[in-house]
>>> print(open('start07.cif').read())   # mmCIF, C-alpha atoms
data_coords
#
loop_
_atom_site.label_atom_id
_atom_site.label_comp_id
_atom_site.auth_asym_id
_atom_site.auth_seq_id
_atom_site.Cartn_x
_atom_site.Cartn_y
_atom_site.Cartn_z
CA MET R 1 29.15 16.40 -21.91
CA ALA R 2 27.28 13.23 -21.06
CA ASN R 3 29.76 11.00 -22.88
CA GLU R 4 32.44 12.31 -20.50
CA TRP R 5 30.51 11.35 -17.38
CA GLU R 6 32.32 8.77 -15.30
CA THR R 7 30.87 5.30 -14.77
CA VAL R 8 32.26 3.26 -11.88
CA PRO R 9 31.48 -0.09 -10.21
CA LEU R 10 29.20 0.20 -7.19
CA ASP R 11 31.74 -1.21 -4.75
CA SER R 12 34.04 1.75 -5.42
CA LEU R 13 31.43 4.06 -3.85
CA ILE R 14 31.11 2.21 -0.55
CA GLU R 15 32.32 3.22 2.91
CA PRO R 16 35.61 1.33 3.24
CA THR R 17 35.00 0.27 6.84
CA ARG R 18 31.72 -1.53 6.09
CA GLY R 19 31.37 -2.98 2.60
CA ILE R 20 28.30 -4.46 0.91
CA SER R 21 26.75 -7.34 2.82
CA TYR R 22 23.49 -9.14 3.38
CA GLY R 23 21.58 -9.62 6.60
CA ILE R 24 20.59 -12.40 8.98
CA VAL R 25 20.63 -15.82 7.36
CA GLN R 26 18.77 -17.80 10.03
CA PRO R 27 16.55 -15.49 12.11
CA GLY R 28 15.21 -18.35 14.21
CA THR R 29 11.90 -18.20 16.06
CA PRO R 30 10.36 -14.69 16.19
CA VAL R 31 10.82 -12.95 19.55
CA ALA R 32 8.29 -10.35 20.70
CA ASP R 33 10.91 -8.02 22.23
CA GLY R 34 13.65 -8.83 19.72
CA VAL R 35 15.41 -6.65 17.16
CA PRO R 36 13.20 -5.82 14.16
CA ILE R 37 14.52 -6.67 10.71
CA VAL R 38 13.67 -5.47 7.20
CA ARG R 39 12.51 -8.18 4.80
CA VAL R 40 12.11 -8.22 1.01
CA SER R 41 8.39 -7.53 1.28
CA ASP R 42 9.15 -4.39 3.28
CA VAL R 43 11.11 -2.75 0.44
CA ARG R 44 8.83 -1.53 -2.32
CA ASP R 45 7.97 1.54 -4.35
CA GLY R 46 11.31 3.10 -3.47
CA ARG R 47 10.79 3.13 0.29
CA VAL R 48 10.93 0.92 3.38
CA GLU R 49 7.43 0.34 4.70
CA VAL R 50 7.03 -2.04 7.64
CA SER R 51 3.69 -2.64 9.32
CA THR R 52 4.42 -5.74 11.43
CA PRO R 53 8.20 -6.34 11.53
CA LEU R 54 9.75 -9.70 12.19
CA ARG R 55 11.81 -9.53 15.39
CA VAL R 56 14.79 -11.78 16.05
CA ALA R 57 16.57 -12.69 19.27
CA ARG R 58 19.21 -10.16 20.28
CA ASP R 59 22.01 -12.72 20.45
CA ILE R 60 21.28 -13.77 16.85
CA GLU R 61 21.20 -10.14 15.70
CA ALA R 62 24.44 -9.37 17.53
CA ALA R 63 26.26 -11.88 15.32
CA HIS R 64 25.26 -9.75 12.28
CA ALA R 65 26.42 -6.35 13.48
CA ARG R 66 27.87 -5.66 10.01
CA THR R 67 24.36 -5.08 8.67
CA ARG R 68 22.96 -3.24 11.68
CA LEU R 69 21.34 -0.14 10.24
CA ALA R 70 22.34 3.39 11.21
CA GLY R 71 20.07 5.21 8.76
CA GLY R 72 21.06 6.49 5.33
CA GLU R 73 22.21 3.15 3.89
CA LEU R 74 20.83 1.88 0.60
CA LEU R 75 18.91 -1.41 0.67
CA LEU R 76 18.60 -3.67 -2.36
CA THR R 77 16.47 -6.82 -2.51
CA LEU R 78 18.34 -9.94 -3.62
CA VAL R 79 15.76 -12.75 -3.65
CA GLY R 80 12.30 -13.09 -5.18
CA THR R 81 11.40 -9.54 -6.10
CA VAL R 82 14.97 -8.58 -7.02
CA GLY R 83 16.18 -5.03 -7.49
CA GLU R 84 13.83 -3.06 -5.24
CA ALA R 85 15.88 -0.26 -3.68
CA ALA R 86 15.25 2.18 -0.84
CA VAL R 87 17.23 4.45 1.44
CA VAL R 88 16.95 3.59 5.15
CA PRO R 89 15.15 6.32 7.11
CA ALA R 90 16.72 7.49 10.38
CA SER R 91 13.74 6.02 12.26
CA LEU R 92 15.03 2.50 11.51
CA ALA R 93 18.43 3.02 13.15
CA GLY R 94 19.28 -0.08 15.18
CA TRP R 95 17.27 -2.43 12.95
CA ASN R 96 18.85 -5.15 10.85
CA THR R 97 17.93 -6.92 7.60
CA ALA R 98 17.07 -10.39 6.40
CA ARG R 99 19.38 -12.51 4.26
CA ALA R 100 17.53 -11.49 1.10
CA VAL R 101 18.22 -7.76 1.57
CA ALA R 102 21.63 -6.25 0.83
CA VAL R 103 22.89 -3.32 2.89
CA ILE R 104 24.91 -0.87 0.77
CA PRO R 105 26.61 1.86 2.84
CA VAL R 106 27.25 4.49 0.15
CA ARG R 107 29.78 7.20 0.92
CA LYS R 108 28.11 10.44 1.96
CA GLU R 109 29.81 12.53 -0.72
CA VAL R 110 28.21 10.30 -3.36
CA GLY R 111 24.86 9.84 -1.66
CA ALA R 112 22.64 6.79 -1.34
CA HIS R 113 19.80 8.63 -3.06
CA TRP R 114 21.90 9.10 -6.19
CA VAL R 115 22.92 5.44 -6.31
CA LYS R 116 19.27 4.47 -5.91
CA LEU R 117 18.45 6.56 -9.00
CA ALA R 118 21.37 5.12 -10.94
CA LEU R 119 20.29 1.56 -10.16
CA ALA R 120 16.89 2.30 -11.76
CA ALA R 121 18.44 3.17 -15.12
CA PRO R 122 17.34 0.74 -17.87
CA GLY R 123 20.90 -0.34 -18.64
CA VAL R 124 21.57 -1.27 -15.01
CA ARG R 125 18.21 -3.03 -14.73
CA ALA R 126 19.09 -5.09 -17.79
CA ILE R 127 22.39 -6.12 -16.20
CA ILE R 128 20.60 -7.13 -12.99
CA ASP R 129 18.12 -9.24 -14.97
CA SER R 130 20.95 -10.91 -16.89
CA ARG R 131 22.77 -11.88 -13.68
CA LEU R 132 19.84 -13.54 -11.93
CA ASN R 133 20.05 -17.15 -10.84
CA THR R 134 16.55 -18.54 -11.40
CA THR R 135 17.12 -22.21 -10.54
CA VAL R 136 14.65 -22.07 -7.63
CA GLN R 137 13.68 -18.40 -7.42
CA ALA R 138 15.25 -15.24 -8.74
CA THR R 139 18.44 -14.48 -6.81
CA LEU R 140 21.17 -11.87 -7.22
CA ASN R 141 24.54 -12.43 -5.55
CA LEU R 142 26.65 -9.76 -3.88
CA GLY R 143 29.54 -10.19 -6.31
CA ASP R 144 27.31 -9.04 -9.16
CA VAL R 145 25.88 -6.23 -7.04
CA ALA R 146 29.39 -4.92 -6.36
CA GLN R 147 30.12 -4.63 -10.10
CA LEU R 148 26.93 -2.84 -11.12
CA PRO R 149 27.88 0.27 -13.15
CA ILE R 150 26.93 3.58 -11.53
CA VAL R 151 27.07 6.73 -13.64
CA LEU R 152 28.58 9.78 -11.92
CA PRO R 153 27.85 13.13 -13.59
CA PRO R 154 29.54 16.21 -12.12
CA ILE R 155 28.22 16.97 -8.64
CA ARG R 156 26.16 19.99 -9.75
CA GLU R 157 24.47 17.99 -12.49
CA ARG R 158 23.94 15.12 -10.11
CA LYS R 159 22.23 17.31 -7.54
CA ALA R 160 20.05 18.94 -10.19
CA ILE R 161 18.90 15.58 -11.58
CA ALA R 162 18.21 14.27 -8.08
CA HIS R 163 16.23 17.42 -7.30
CA ILE R 164 13.97 17.08 -10.34
CA LEU R 165 13.27 13.40 -9.82
CA GLY R 166 13.07 13.85 -6.06
CA THR R 167 10.42 16.54 -6.46
CA LEU R 168 8.23 14.06 -8.32
CA ASP R 169 8.86 11.39 -5.69
CA ASP R 170 8.04 13.87 -2.92
CA LYS R 171 4.67 14.64 -4.49
CA ILE R 172 3.93 10.91 -4.83
CA GLU R 173 4.85 10.42 -1.18
CA LEU R 174 2.69 13.39 -0.16
CA ASN R 175 -0.29 11.81 -1.92
CA ARG R 176 0.38 8.52 -0.15
CA ARG R 177 0.52 10.17 3.27
CA MET R 178 -2.60 12.19 2.54
CA SER R 179 -4.38 8.97 1.61
CA GLU R 180 -3.28 7.36 4.89
CA THR R 181 -4.51 10.36 6.87
CA LEU R 182 -7.89 10.45 5.14
CA GLU R 183 -8.36 6.72 5.65
CA ALA R 184 -7.42 6.95 9.33
CA MET R 185 -9.93 9.76 9.82
CA ALA R 186 -12.66 7.74 8.08
CA ARG R 187 -11.94 4.67 10.23
CA ALA R 188 -12.04 6.78 13.40
CA LEU R 189 -15.37 8.37 12.47
CA PHE R 190 -16.89 4.99 11.56
CA LYS R 191 -15.84 3.57 14.92
CA SER R 192 -17.17 6.61 16.76
CA TRP R 193 -20.58 6.56 15.10
CA PHE R 194 -21.25 2.86 14.53
CA VAL R 195 -19.16 0.93 17.07
CA ASP R 196 -18.77 3.11 20.15
CA PHE R 197 -21.98 5.11 19.49
CA ASP R 198 -20.28 8.26 20.80
CA PRO R 199 -22.94 10.74 19.59
CA VAL R 200 -25.68 8.72 21.31
CA ARG R 201 -23.73 8.41 24.56
CA ALA R 202 -22.98 12.13 24.54
CA LYS R 203 -26.65 13.03 24.09
CA ALA R 204 -27.69 10.50 26.74
CA GLU R 205 -25.30 12.17 29.21
CA GLY R 206 -26.36 15.68 28.25
CA ARG R 207 -23.06 16.46 26.54
CA ASP R 208 -22.50 18.16 23.19
CA PRO R 209 -21.83 15.36 20.60
CA GLY R 210 -19.56 17.73 18.70
CA LEU R 211 -21.50 17.45 15.44
CA PRO R 212 -23.38 20.01 13.35
CA ARG R 213 -26.90 20.35 14.73
CA PRO R 214 -28.66 18.75 11.70
CA ILE R 215 -26.48 15.64 12.02
CA ALA R 216 -26.61 15.48 15.82
CA ASP R 217 -30.40 15.56 15.66
CA LEU R 218 -30.36 12.33 13.63
CA PHE R 219 -28.97 10.34 16.57
CA PRO R 220 -31.16 9.11 19.42
CA ASP R 221 -30.36 10.00 23.04
CA ARG R 222 -30.76 6.52 24.49
CA LEU R 223 -29.13 3.09 24.32
CA VAL R 224 -31.16 -0.10 24.66
CA ASP R 225 -30.26 -3.72 25.30
CA SER R 226 -29.94 -6.16 22.37
CA GLU R 227 -28.41 -9.54 21.61
CA LEU R 228 -25.23 -7.68 20.61
CA GLY R 229 -25.16 -5.56 23.75
CA GLU R 230 -26.26 -1.95 24.07
CA ILE R 231 -27.25 -0.30 20.78
CA PRO R 232 -28.88 3.04 19.92
CA GLU R 233 -32.64 3.13 20.28
CA GLY R 234 -34.36 2.61 16.94
CA TRP R 235 -31.37 0.87 15.32
CA ASP R 236 -31.67 -2.75 14.17
CA ILE R 237 -29.66 -5.97 14.35
CA LYS R 238 -29.22 -7.03 10.74
CA GLN R 239 -26.77 -8.94 8.55
CA PHE R 240 -24.22 -7.56 6.12
CA GLY R 241 -26.25 -8.96 3.23
CA ASP R 242 -29.10 -6.61 4.17
CA VAL R 243 -27.04 -3.55 3.16
CA ALA R 244 -24.62 -4.96 0.57
CA GLU R 245 -24.52 -7.41 -2.31
CA HIS R 246 -22.03 -9.28 -4.46
CA PRO R 247 -22.63 -8.75 -8.19
CA ARG R 248 -21.10 -11.82 -9.85
CA ARG R 249 -20.31 -10.33 -13.25
CA THR R 250 -18.28 -13.25 -14.57
CA VAL R 251 -16.38 -12.59 -17.80
CA GLN R 252 -14.51 -15.09 -19.95
CA PRO R 253 -10.91 -14.33 -20.96
CA GLY R 254 -11.76 -14.21 -24.65
CA SER R 255 -14.16 -11.32 -24.11
CA ILE R 256 -11.73 -9.15 -22.10
CA GLU R 257 -9.83 -6.39 -23.91
CA PRO R 258 -6.04 -6.87 -23.54
CA ASP R 259 -5.53 -3.39 -22.07
CA MET R 260 -8.35 -3.71 -19.54
CA PRO R 261 -7.08 -2.97 -15.99
CA TYR R 262 -6.62 -6.20 -14.02
CA ILE R 263 -6.39 -6.44 -10.23
CA ALA R 264 -5.10 -9.59 -8.53
CA LEU R 265 -4.44 -10.17 -4.84
CA GLU R 266 -0.79 -9.19 -5.25
CA HIS R 267 -1.91 -5.72 -6.35
CA MET R 268 -3.86 -5.17 -3.12
CA PRO R 269 -1.99 -3.80 -0.09
CA ARG R 270 -2.86 -4.88 3.43
CA ARG R 271 -5.01 -2.60 5.59
CA CYS R 272 -5.24 0.10 2.96
CA ILE R 273 -8.26 0.97 0.81
CA ALA R 274 -6.12 2.84 -1.76
CA LEU R 275 -5.53 0.46 -4.68
CA SER R 276 -2.71 2.22 -6.52
CA GLU R 277 -1.44 -0.76 -8.53
CA TRP R 278 -2.96 -2.89 -11.25
CA GLY R 279 -1.89 -4.78 -14.34
CA VAL R 280 -3.57 -5.38 -17.68
CA ALA R 281 -5.68 -8.30 -18.83
CA ALA R 282 -3.45 -9.40 -21.70
CA GLY R 283 -2.64 -13.10 -21.32
CA LEU R 284 -5.40 -13.99 -18.85
CA GLU R 285 -6.57 -17.59 -19.29
CA SER R 286 -9.41 -18.04 -16.80
CA ASN R 287 -12.71 -16.40 -15.93
CA LYS R 288 -12.64 -13.17 -13.96
CA PHE R 289 -15.08 -10.83 -12.19
CA GLU R 290 -15.88 -7.46 -13.68
CA PHE R 291 -15.93 -4.42 -11.39
CA LYS R 292 -16.72 -0.73 -11.77
CA ALA R 293 -14.76 2.26 -10.46
CA GLY R 294 -15.85 3.05 -6.92
CA GLU R 295 -16.88 -0.49 -6.05
CA ILE R 296 -15.33 -2.29 -3.09
CA LEU R 297 -12.95 -5.24 -3.56
CA PHE R 298 -12.38 -7.81 -0.79
CA GLY R 299 -9.65 -10.47 -0.82
CA LYS R 300 -11.46 -13.76 -0.17
CA LEU R 301 -8.36 -15.96 -0.23
CA ARG R 302 -6.54 -15.83 3.11
CA PRO R 303 -8.84 -13.10 4.39
CA TYR R 304 -6.57 -12.54 7.39
CA PHE R 305 -4.31 -10.59 5.04
CA HIS R 306 -6.94 -7.84 5.33
CA LYS R 307 -6.97 -6.83 1.67
CA VAL R 308 -9.86 -4.44 1.11
CA GLY R 309 -9.95 -1.47 -1.26
CA VAL R 310 -11.99 0.82 -3.46
CA ALA R 311 -11.51 0.27 -7.20
CA PRO R 312 -10.06 3.44 -8.82
CA VAL R 313 -10.90 2.25 -12.36
CA ASP R 314 -13.25 -0.04 -14.26
CA GLY R 315 -11.66 -3.44 -14.78
CA VAL R 316 -11.59 -7.15 -14.01
CA CYS R 317 -10.26 -8.97 -10.98
CA SER R 318 -9.26 -12.44 -9.87
CA THR R 319 -12.07 -14.64 -8.63
CA ASP R 320 -10.11 -14.75 -5.36
CA ILE R 321 -11.46 -11.22 -4.91
CA GLY R 322 -15.09 -10.47 -4.12
CA VAL R 323 -16.82 -7.39 -5.54
CA VAL R 324 -18.99 -5.71 -2.91
CA VAL R 325 -21.50 -2.91 -3.56
CA PRO R 326 -24.08 -1.23 -1.32
CA LYS R 327 -27.71 -2.04 -2.07
CA GLU R 328 -28.36 1.71 -2.11
CA PRO R 329 -25.79 4.49 -2.77
CA HIS R 330 -26.43 6.07 0.65
CA TRP R 331 -24.99 2.97 2.31
CA PHE R 332 -21.61 3.15 0.52
CA SER R 333 -19.43 4.53 3.33
CA PHE R 334 -21.13 2.38 5.97
CA VAL R 335 -20.57 -0.74 3.86
CA LEU R 336 -16.93 0.24 3.29
CA GLY R 337 -16.45 0.83 7.01
CA VAL R 338 -17.89 -2.57 7.87
CA VAL R 339 -16.05 -4.62 5.26
CA SER R 340 -12.68 -3.00 6.08
CA SER R 341 -13.05 -3.37 9.85
CA ASP R 342 -10.91 -5.78 11.88
CA GLU R 343 -14.06 -7.41 13.23
CA PHE R 344 -15.41 -8.23 9.78
CA VAL R 345 -12.06 -9.59 8.59
CA GLU R 346 -11.75 -11.74 11.72
CA PHE R 347 -15.28 -13.05 11.17
CA THR R 348 -14.57 -14.07 7.57
CA ASN R 349 -11.28 -15.63 8.55
CA ALA R 350 -12.88 -17.69 11.34
CA GLY R 351 -15.43 -19.11 8.91
CA SER R 352 -13.09 -19.67 5.98
CA THR R 353 -12.53 -23.16 4.61
CA GLY R 354 -9.26 -24.80 3.58
CA THR R 355 -6.19 -25.51 5.68
CA LYS R 356 -3.33 -24.18 3.55
CA MET R 357 -5.32 -21.72 1.46
CA PRO R 358 -8.32 -20.67 3.58
CA ARG R 359 -11.04 -18.93 1.63
CA THR R 360 -14.22 -17.14 2.59
CA SER R 361 -17.34 -16.80 0.44
CA TRP R 362 -20.02 -14.22 -0.14
CA ALA R 363 -22.51 -16.45 1.69
CA ASP R 364 -20.35 -16.27 4.82
CA MET R 365 -19.69 -12.56 4.42
CA ALA R 366 -23.40 -11.84 4.04
CA ARG R 367 -24.15 -13.51 7.39
CA TYR R 368 -22.06 -11.09 9.41
CA GLU R 369 -24.25 -9.48 12.06
CA LEU R 370 -24.14 -5.72 12.46
CA VAL R 371 -25.98 -2.84 14.06
CA LYS R 372 -27.82 -1.09 11.25
CA PRO R 373 -28.47 2.64 11.64
CA PRO R 374 -31.38 4.48 9.98
CA ILE R 375 -30.69 5.39 6.37
CA THR R 376 -30.62 9.09 7.29
CA ILE R 377 -27.48 8.51 9.37
CA ALA R 378 -25.96 6.23 6.73
CA LYS R 379 -26.52 9.02 4.17
CA ALA R 380 -24.94 11.61 6.47
CA PHE R 381 -21.90 9.38 6.91
CA THR R 382 -21.54 8.80 3.16
CA ASP R 383 -21.93 12.53 2.48
CA ARG R 384 -19.04 13.20 4.87
CA MET R 385 -16.78 10.38 3.69
CA ARG R 386 -17.36 10.38 -0.08
CA PRO R 387 -15.08 13.43 -0.68
CA SER R 388 -12.25 11.65 1.16
CA VAL R 389 -12.62 8.52 -0.97
CA GLU R 390 -12.70 10.65 -4.13
CA ARG R 391 -9.56 12.50 -2.99
CA ILE R 392 -7.78 9.19 -2.37
CA ILE R 393 -8.68 7.98 -5.87
CA ALA R 394 -7.65 11.30 -7.45
CA GLY R 395 -4.31 11.04 -5.63
CA ILE R 396 -3.78 7.54 -7.02
CA HIS R 397 -4.23 8.73 -10.60
CA GLU R 398 -2.05 11.78 -10.06
CA SER R 399 0.72 9.66 -8.50
CA ARG R 400 0.63 7.18 -11.38
CA SER R 401 1.01 10.05 -13.86
CA LEU R 402 3.90 11.49 -11.84
CA ALA R 403 5.57 8.07 -11.63
CA ALA R 404 5.26 7.62 -15.40
CA LEU R 405 6.85 11.05 -15.93
CA ARG R 406 9.65 10.22 -13.49
CA ASP R 407 10.33 6.87 -15.16
CA ALA R 408 10.43 8.54 -18.58
CA LEU R 409 12.80 11.29 -17.43
CA LEU R 410 15.17 9.14 -15.39
CA PRO R 411 17.00 7.28 -18.18
CA LYS R 412 17.23 10.39 -20.35
CA LEU R 413 18.62 12.54 -17.55
CA ILE R 414 21.08 9.94 -16.29
CA SER R 415 22.34 9.23 -19.82
CA GLY R 416 22.67 12.94 -20.60
CA GLU R 417 20.25 12.64 -23.55
CA LEU R 418 18.10 15.24 -21.80
CA ARG R 419 19.71 18.10 -19.93
CA VAL R 420 18.45 19.54 -16.68
CA LYS R 421 17.97 23.05 -18.08
CA SER R 422 15.58 21.87 -20.76
CA VAL R 423 13.51 19.91 -18.22
CA LYS R 424 13.30 22.95 -15.93
CA ARG R 425 12.11 25.06 -18.85
CA SER R 426 9.41 22.47 -19.63
CA PHE R 427 8.22 22.55 -16.03
CA GLU R 428 8.11 26.36 -16.06
CA VAL R 429 6.01 26.36 -19.25
CA ALA R 430 3.64 23.72 -17.82
CA ALA R 431 3.25 25.74 -14.62
#
>>> encode(input="start07.cif", output="structure tokens")
Amino acid sequence: MANEWETVPLDSLIEPTRGISYGIVQPGTPVADGVPIVRVSDVRDGRVEVSTPLRVARDIEAAHARTRLAGGELLLTLVGTVGEAAVVPASLAGWNTARAVAVIPVRKEVGAHWVKLALAAPGVRAIIDSRLNTTVQATLNLGDVAQLPIVLPPIRERKAIAHILGTLDDKIELNRRMSETLEAMARALFKSWFVDFDPVRAKAEGRDPGLPRPIADLFPDRLVDSELGEIPEGWDIKQFGDVAEHPRRTVQPGSIEPDMPYIALEHMPRRCIALSEWGVAAGLESNKFEFKAGEILFGKLRPYFHKVGVAPVDGVCSTDIGVVVPKEPHWFSFVLGVVSSDEFVEFTNAGSTGTKMPRTSWADMARYELVKPPITIAKAFTDRMRPSVERIIAGIHESRSLAALRDALLPKLISGELRVKSVKRSFEVAA
């Protein structure tokens, strides 16, 4: 029975030769060939995701061998965004962590994945929140981490619970990876058609451009000189404002419904068009911009963060975010390809104003020079890319539903209020 399940302090489940510890306190100046470390911002959504790791000198890292990662440890964030947990993948073996990330080497017979689930239980989360030191910023100390209560059902029950919740997490992760793959393919095709002009070069050299005949016939077979270098014959040098616009639909806080989806810069990931997170408008106190599902959002504040995405819902956004729409529907994918390119982001960053908080504007964005293809090619590109964007958005909504189901099941399964057999029966009926 659930009331007979054992609950033990976290430190009783740790490998005795290692113990719970935190990482490098003073990483010093970043070193290009140094040891990469995991920071608080790298631990989110239950996984470790590092795009550009901070690397520290090897002699500094060597003094913190106790937190050198082998793979399989549990990480827990201690400062700022406290309580984010993830299991270290084997690919990060040899890395280390920052001071604000605890390394928890859980014994294999218990399993780091189980402890990660147990830490997400509402009762444990409440204890974490009650232990925070918020004098400067939220901080959790290792002494409190060591005493966090971890419920331990019998091993068979534990494995069954982990399997059910893990299946939901696996599907969420599959959607995320599919989104990454679709976006990478779209970026590659945009570069091929509109930056490298591969179909034109192939036809000019008498090679097969590798496209269906109706699409290949849309491309010319000759490059000509222009102020931007060689471009396809018949294409024009234009500005971004010739194909896109910025609808300034300003809304006052009093006219926004409290449950309206709200996107701020912190909801937008870097270098990823999939916007899977948003809040609600309740409590907003300043004017916002309205956007529609399918429109493009561009982070104007600190544009070098490269925050560009496609809105998955209707909602409102911070005025630090620009809403971008194509002047005609056929230009959608071309506009998205331009605004999410490194070149466009670099252009907006170079022209941004403000030293500490640089900001670009629509006027600057609209001046970006580009090579504009005929609308027939823009339409062909949108026809090919639109299904991928729609699949990414569908995956976002599916993953949010799966996450809500997981979060609803977790406390009931861990407390024993809901038994594994009844959940399995529900899944079988739904299937």
>>> resolve_selection(input="start07.cif", expression="the PyMOL selection byres ((chain R and resi 406) around 10)", output="PDB file with C-alpha atoms, in the coordinates of the input")
ATOM      1  CA  ILE R 164      13.970  17.080 -10.340  1.00  0.00           C
ATOM      2  CA  LEU R 165      13.270  13.400  -9.820  1.00  0.00           C
ATOM      3  CA  GLY R 166      13.070  13.850  -6.060  1.00  0.00           C
ATOM      4  CA  THR R 167      10.420  16.540  -6.460  1.00  0.00           C
ATOM      5  CA  LEU R 168       8.230  14.060  -8.320  1.00  0.00           C
ATOM      6  CA  ASP R 169       8.860  11.390  -5.690  1.00  0.00           C
ATOM      7  CA  ARG R 400       0.630   7.180 -11.380  1.00  0.00           C
ATOM      8  CA  SER R 401       1.010  10.050 -13.860  1.00  0.00           C
ATOM      9  CA  LEU R 402       3.900  11.490 -11.840  1.00  0.00           C
ATOM     10  CA  ALA R 403       5.570   8.070 -11.630  1.00  0.00           C
ATOM     11  CA  ALA R 404       5.260   7.620 -15.400  1.00  0.00           C
ATOM     12  CA  LEU R 405       6.850  11.050 -15.930  1.00  0.00           C
ATOM     13  CA  ASP R 407      10.330   6.870 -15.160  1.00  0.00           C
ATOM     14  CA  ALA R 408      10.430   8.540 -18.580  1.00  0.00           C
ATOM     15  CA  LEU R 409      12.800  11.290 -17.430  1.00  0.00           C
ATOM     16  CA  LEU R 410      15.170   9.140 -15.390  1.00  0.00           C
ATOM     17  CA  PRO R 411      17.000   7.280 -18.180  1.00  0.00           C
TER      18      PRO R 411
END
>>> atom_distance(input="start07.cif", atom1="CA of Leu182 (chain R)", atom2="CA of Gly72 (chain R)")
29.2 Å
>>> resolve_selection(input="start07.cif", expression="the PyMOL selection byres ((chain R and resi 256-270) around 6)", output="compact mmCIF listing (two decimals) with C-alpha atoms, in the coordinates of the input")
# COMPACT_ATOMS: atom_id res chain seq x y z
CA PRO R 253 -10.91 -14.33 -20.96
CA GLY R 254 -11.76 -14.21 -24.65
CA SER R 255 -14.16 -11.32 -24.11
CA ARG R 271 -5.01 -2.60 5.59
CA CYS R 272 -5.24 0.10 2.96
CA GLU R 277 -1.44 -0.76 -8.53
CA TRP R 278 -2.96 -2.89 -11.25
CA GLY R 279 -1.89 -4.78 -14.34
CA VAL R 280 -3.57 -5.38 -17.68
CA ALA R 281 -5.68 -8.30 -18.83
CA ALA R 282 -3.45 -9.40 -21.70
CA HIS R 306 -6.94 -7.84 5.33
CA LYS R 307 -6.97 -6.83 1.67
CA GLY R 315 -11.66 -3.44 -14.78
CA VAL R 316 -11.59 -7.15 -14.01
CA CYS R 317 -10.26 -8.97 -10.98
CA SER R 318 -9.26 -12.44 -9.87
>>> resolve_selection(input="start07.cif", expression="the PyMOL selection byres ((chain R and resi 92-104) around 7)", output="count of residues only")
30
>>> residues_around(input="start07.cif", residues="Arg176 (chain R)", least_positions_apart="5", cutoff="12 Å", atoms="only C-alpha atoms", output="compact mmCIF listing (two decimals) with C-alpha atoms, in the frame of the given file")
# COMPACT_ATOMS: atom_id res chain seq x y z
CA ASP R 45 7.97 1.54 -4.35
CA ARG R 47 10.79 3.13 0.29
CA GLU R 49 7.43 0.34 4.70
CA ASP R 169 8.86 11.39 -5.69
CA ASP R 170 8.04 13.87 -2.92
CA LYS R 171 4.67 14.64 -4.49
CA THR R 181 -4.51 10.36 6.87
CA LEU R 182 -7.89 10.45 5.14
CA GLU R 183 -8.36 6.72 5.65
CA CYS R 272 -5.24 0.10 2.96
CA ILE R 273 -8.26 0.97 0.81
CA ALA R 274 -6.12 2.84 -1.76
CA LEU R 275 -5.53 0.46 -4.68
CA SER R 276 -2.71 2.22 -6.52
CA ARG R 391 -9.56 12.50 -2.99
CA ILE R 392 -7.78 9.19 -2.37
CA ILE R 393 -8.68 7.98 -5.87
CA ALA R 394 -7.65 11.30 -7.45
CA GLY R 395 -4.31 11.04 -5.63
CA ILE R 396 -3.78 7.54 -7.02
CA HIS R 397 -4.23 8.73 -10.60
CA GLU R 398 -2.05 11.78 -10.06
CA SER R 399 0.72 9.66 -8.50
CA ARG R 400 0.63 7.18 -11.38
>>> residues_near_point(input="start07.cif", point="(-28.6, -1.5, -2.4)", cutoff="9 Å", atoms="only C-alpha atoms", output="ChimeraX atom specification")
/R:242-245,325-332
>>> residues_around(input="start07.cif", residues="Lys300 (chain R)", least_positions_apart="6", cutoff="10 Å", atoms="all atoms listed in the file", output="MDAnalysis selection string")
chainID R and resid 265 306:308 319:323 345 348:349 352 358:362 365
>>> write_last_selection(input="start07.cif", atoms="C-alpha atoms", output="PDB file, keeping the file's coordinate frame")
ATOM      1  CA  LEU R 265      -4.440 -10.170  -4.840  1.00  0.00           C
ATOM      2  CA  HIS R 306      -6.940  -7.840   5.330  1.00  0.00           C
ATOM      3  CA  LYS R 307      -6.970  -6.830   1.670  1.00  0.00           C
ATOM      4  CA  VAL R 308      -9.860  -4.440   1.110  1.00  0.00           C
ATOM      5  CA  THR R 319     -12.070 -14.640  -8.630  1.00  0.00           C
ATOM      6  CA  ASP R 320     -10.110 -14.750  -5.360  1.00  0.00           C
ATOM      7  CA  ILE R 321     -11.460 -11.220  -4.910  1.00  0.00           C
ATOM      8  CA  GLY R 322     -15.090 -10.470  -4.120  1.00  0.00           C
ATOM      9  CA  VAL R 323     -16.820  -7.390  -5.540  1.00  0.00           C
ATOM     10  CA  VAL R 345     -12.060  -9.590   8.590  1.00  0.00           C
ATOM     11  CA  THR R 348     -14.570 -14.070   7.570  1.00  0.00           C
ATOM     12  CA  ASN R 349     -11.280 -15.630   8.550  1.00  0.00           C
ATOM     13  CA  SER R 352     -13.090 -19.670   5.980  1.00  0.00           C
ATOM     14  CA  PRO R 358      -8.320 -20.670   3.580  1.00  0.00           C
ATOM     15  CA  ARG R 359     -11.040 -18.930   1.630  1.00  0.00           C
ATOM     16  CA  THR R 360     -14.220 -17.140   2.590  1.00  0.00           C
ATOM     17  CA  SER R 361     -17.340 -16.800   0.440  1.00  0.00           C
ATOM     18  CA  TRP R 362     -20.020 -14.220  -0.140  1.00  0.00           C
ATOM     19  CA  MET R 365     -19.690 -12.560   4.420  1.00  0.00           C
TER      20      MET R 365
END
>>> residues_near_point(input="start07.cif", point="(-15.8, -17.8, -10.6)", cutoff="7 Å", atoms="all atoms listed in the file", output="PyMOL selection string")
chain R and resi 250+287-288+319
>>> write_last_selection(input="start07.cif", atoms="C-alpha atoms", output="short mmCIF file (atom, residue, chain, number, x, y, z; two decimals), keeping the file's coordinate frame")
data_model
loop_
_atom_site.label_atom_id
_atom_site.label_comp_id
_atom_site.auth_asym_id
_atom_site.auth_seq_id
_atom_site.Cartn_x
_atom_site.Cartn_y
_atom_site.Cartn_z
CA THR R 250 -18.28 -13.25 -14.57
CA ASN R 287 -12.71 -16.40 -15.93
CA LYS R 288 -12.64 -13.17 -13.96
CA THR R 319 -12.07 -14.64 -8.63
#
